[in-house]
Amino acid sequence: GGCYFIAALIDLFGRPEDRGLARLGYYIALPCLIISAILLTLDLGRPLRFWHMLLQSNTYRIMFKPWSPMSAGSWALLIFGIFSLISFLGALAEDGRWQKPAARSLRPPGALGSVLAIAGGFFGFFVAGYTGVLLGVTNRPIWSDTSLLGMLFVVSAASISAALMILLAHKSERARAGIHSLHRLDMWVVALEFIILVALMFSLGPVFRAWMSAWGVLLLLGVIVVGMWLPLALYFRKDWLGDRNMTATAALVLLGGFILRLVIVFSAQQV
């Protein structure tokens, strides 16, 4: 979701030479979404009934419950999957890897491509924060004690998506043009993510004591120090690692984003 949203922003507002970086975002979004859908389906008690989330089993009418985050999320994932596929094909055509010239109209700056980028970017943004919102409507300690999980997951998705795109673009001549601008954006997002994480900690109130444990140590060292402070320090001191500065920063942001989710998910289940 984050990679697609960033790619859509680059397509709509970026420079012509940045289009390769946008294509990279679309290349990442579709395979990752397919893997996520498979994992989500396997996690169900009866995986073969996954379609019950979308259709009523007795009437085969559309199953949509607007008051249910899980129902809304299922449809959002499906619709986002359609946009991801379309943009993936458009990127292939523009890259010359799919010999369908008409498919290039699926990319901006054409009218159809712009509409697809805006609509797909909206659903990408929704999917990026969906996990946090879904956790927030449960009755689990930590998850249910703050309203900032959705915001934290959206911003974190932006930071780790930009980091992943930087790592992959660093090895691609076609996508390397806008990598420095994306790196600068990533650091601004990491700084915002730190502010939101601190606000979330304060919003927990007495429940924050649940993180006065090994999980809290992992949050401090793995997320805040390794995943936020160290990347920001490397950004401002580019001489520390030389040519490897940007890729090292991106790798640390990815690691911190993974640990953040690890702490939030498993610490709440063990309270």
# chains A, B, ... in the order shown; residues from 1 in each chain; ligands from 1
>>> select_by_dssp(residues="stretch 15-232 of chain A", states="helix (DSSP H, G or I)", output="ChimeraX atom specification")
/A:16-42,47-53,69-94,101-106,111-136,143-145,149-169,179-203,205-211,214-232
>>> residues_around(residues="stretch 261-263 of chain A", least_positions_apart="3", cutoff="10 Å", atoms="only C-alpha atoms", output="list in words")
Thr131, Gly132, Phe153, Ser156, Trp211, Ala214, Trp215, Gly216, Val217, Leu218, Leu219, Gly222, Val223, Gly256, Gly257, Phe258, Phe266, Ser267, Ala268 and Gln269 of chain A
>>> residues_around(residues="A:Ile118", least_positions_apart="2", cutoff="10 Å", atoms="only C-alpha atoms", output="PyMOL selection string")
chain A and resi 5+8-9+11-12+108+113-116+120-124
>>> atom_distance(atom1="atom CA of A:Met63", atom2="atom CA of A:Ser84")
22.5 Å
>>> residues_around(residues="A:Gly129", least_positions_apart="2", cutoff="12 Å", atoms="only C-alpha atoms", output="ChimeraX atom specification")
/A:1-2,5,69,73,76-77,122-127,131-136,148-158
>>> write_last_selection(atoms="N, CA and C atoms", output="mmCIF file, in the first residue's frame")
data_model
loop_
_atom_site.group_PDB
_atom_site.id
_atom_site.type_symbol
_atom_site.label_atom_id
_atom_site.label_comp_id
_atom_site.auth_asym_id
_atom_site.auth_seq_id
_atom_site.Cartn_x
_atom_site.Cartn_y
_atom_site.Cartn_z
ATOM 1 N N GLY A 1 0.815 -1.210 0.000
ATOM 2 C CA GLY A 1 0.000 0.000 0.000
ATOM 3 C C GLY A 1 0.848 1.258 0.000
ATOM 4 N N GLY A 2 1.885 1.268 0.825
ATOM 5 C CA GLY A 2 2.770 2.429 0.887
ATOM 6 C C GLY A 2 3.537 2.637 -0.396
ATOM 7 N N PHE A 5 1.183 4.044 -3.035
ATOM 8 C CA PHE A 5 0.838 5.436 -2.754
ATOM 9 C C PHE A 5 1.992 6.369 -3.121
ATOM 10 N N PRO A 69 -14.843 -3.104 10.274
ATOM 11 C CA PRO A 69 -13.533 -2.840 9.661
ATOM 12 C C PRO A 69 -12.997 -4.026 8.872
ATOM 13 N N GLY A 73 -12.156 -3.783 5.065
ATOM 14 C CA GLY A 73 -10.791 -4.081 4.677
ATOM 15 C C GLY A 73 -10.703 -5.149 3.604
ATOM 16 N N ALA A 76 -11.526 -3.449 0.418
ATOM 17 C CA ALA A 76 -10.445 -2.523 0.068
ATOM 18 C C ALA A 76 -9.254 -3.273 -0.513
ATOM 19 N N LEU A 77 -8.932 -4.437 0.063
ATOM 20 C CA LEU A 77 -7.834 -5.246 -0.458
ATOM 21 C C LEU A 77 -8.138 -5.739 -1.868
ATOM 22 N N PHE A 122 -5.556 6.223 -3.278
ATOM 23 C CA PHE A 122 -6.475 6.294 -2.137
ATOM 24 C C PHE A 122 -6.583 4.939 -1.450
ATOM 25 N N PHE A 123 -6.790 3.872 -2.246
ATOM 26 C CA PHE A 123 -6.925 2.543 -1.647
ATOM 27 C C PHE A 123 -5.588 2.048 -1.099
ATOM 28 N N GLY A 124 -4.476 2.468 -1.726
ATOM 29 C CA GLY A 124 -3.177 2.133 -1.170
ATOM 30 C C GLY A 124 -2.977 2.765 0.198
ATOM 31 N N PHE A 125 -3.388 4.020 0.335
ATOM 32 C CA PHE A 125 -3.313 4.724 1.619
ATOM 33 C C PHE A 125 -4.179 4.018 2.660
ATOM 34 N N PHE A 126 -5.372 3.582 2.237
ATOM 35 C CA PHE A 126 -6.283 2.878 3.143
ATOM 36 C C PHE A 126 -5.651 1.575 3.631
ATOM 37 N N VAL A 127 -5.109 0.803 2.692
ATOM 38 C CA VAL A 127 -4.512 -0.484 3.045
ATOM 39 C C VAL A 127 -3.295 -0.294 3.957
ATOM 40 N N THR A 131 -4.200 -2.073 8.993
ATOM 41 C CA THR A 131 -3.824 -2.954 10.097
ATOM 42 C C THR A 131 -3.970 -2.257 11.443
ATOM 43 N N GLY A 132 -3.482 -1.026 11.520
ATOM 44 C CA GLY A 132 -3.580 -0.291 12.775
ATOM 45 C C GLY A 132 -5.012 -0.017 13.185
ATOM 46 N N VAL A 133 -5.852 0.330 12.207
ATOM 47 C CA VAL A 133 -7.267 0.589 12.503
ATOM 48 C C VAL A 133 -7.946 -0.690 12.980
ATOM 49 N N LEU A 134 -7.654 -1.806 12.316
ATOM 50 C CA LEU A 134 -8.275 -3.079 12.686
ATOM 51 C C LEU A 134 -7.885 -3.488 14.096
ATOM 52 N N LEU A 135 -6.618 -3.323 14.457
ATOM 53 C CA LEU A 135 -6.182 -3.647 15.822
ATOM 54 C C LEU A 135 -6.866 -2.738 16.837
ATOM 55 N N GLY A 136 -7.087 -1.480 16.455
ATOM 56 C CA GLY A 136 -7.652 -0.505 17.379
ATOM 57 C C GLY A 136 -9.092 -0.771 17.771
ATOM 58 N N LEU A 148 -4.273 6.111 18.016
ATOM 59 C CA LEU A 148 -3.213 6.540 17.101
ATOM 60 C C LEU A 148 -2.564 5.397 16.325
ATOM 61 N N LEU A 149 -3.049 4.173 16.509
ATOM 62 C CA LEU A 149 -2.423 3.048 15.824
ATOM 63 C C LEU A 149 -2.533 3.175 14.304
ATOM 64 N N GLY A 150 -3.720 3.564 13.830
ATOM 65 C CA GLY A 150 -3.903 3.718 12.391
ATOM 66 C C GLY A 150 -2.950 4.739 11.803
ATOM 67 N N MET A 151 -2.815 5.881 12.472
ATOM 68 C CA MET A 151 -1.905 6.929 12.004
ATOM 69 C C MET A 151 -0.458 6.442 12.038
ATOM 70 N N LEU A 152 -0.081 5.736 13.102
ATOM 71 C CA LEU A 152 1.283 5.234 13.207
ATOM 72 C C LEU A 152 1.590 4.247 12.085
ATOM 73 N N PHE A 153 0.642 3.369 11.782
ATOM 74 C CA PHE A 153 0.878 2.374 10.740
ATOM 75 C C PHE A 153 0.961 3.021 9.359
ATOM 76 N N VAL A 154 0.165 4.060 9.109
ATOM 77 C CA VAL A 154 0.236 4.760 7.828
ATOM 78 C C VAL A 154 1.610 5.399 7.640
ATOM 79 N N VAL A 155 2.070 6.133 8.653
ATOM 80 C CA VAL A 155 3.351 6.818 8.548
ATOM 81 C C VAL A 155 4.490 5.809 8.490
ATOM 82 N N SER A 156 4.385 4.741 9.286
ATOM 83 C CA SER A 156 5.417 3.712 9.255
ATOM 84 C C SER A 156 5.455 3.027 7.898
ATOM 85 N N ALA A 157 4.275 2.783 7.317
ATOM 86 C CA ALA A 157 4.220 2.178 5.979
ATOM 87 C C ALA A 157 4.919 3.063 4.957
ATOM 88 N N ALA A 158 4.742 4.370 5.090
ATOM 89 C CA ALA A 158 5.405 5.298 4.166
ATOM 90 C C ALA A 158 6.917 5.231 4.323
#
>>> atom_distance(atom1="atom CA of A:Pro31", atom2="atom CA of A:Arg19")
19.5 Å
>>> residues_around(residues="stretch 198-203 of chain A", least_positions_apart="3", cutoff="9 Å", atoms="only C-alpha atoms", output="list of chain:residue names")
A:Asp145, A:Thr146, A:Ser147, A:Leu148, A:Leu149, A:Leu152, A:Glu193, A:Phe194, A:Ile195, A:Phe208
>>> closest_residue(among="A:Ala93, A:Leu204, A:Ile264, A:Met246", to="A:Ile166", atoms="only C-alpha atoms")
A:Met246
>>> residues_around(residues="A:Ser105", least_positions_apart="4", cutoff="12 Å", atoms="only C-alpha atoms", output="ChimeraX atom specification")
/A:86-87,89-94,100-101,109-117
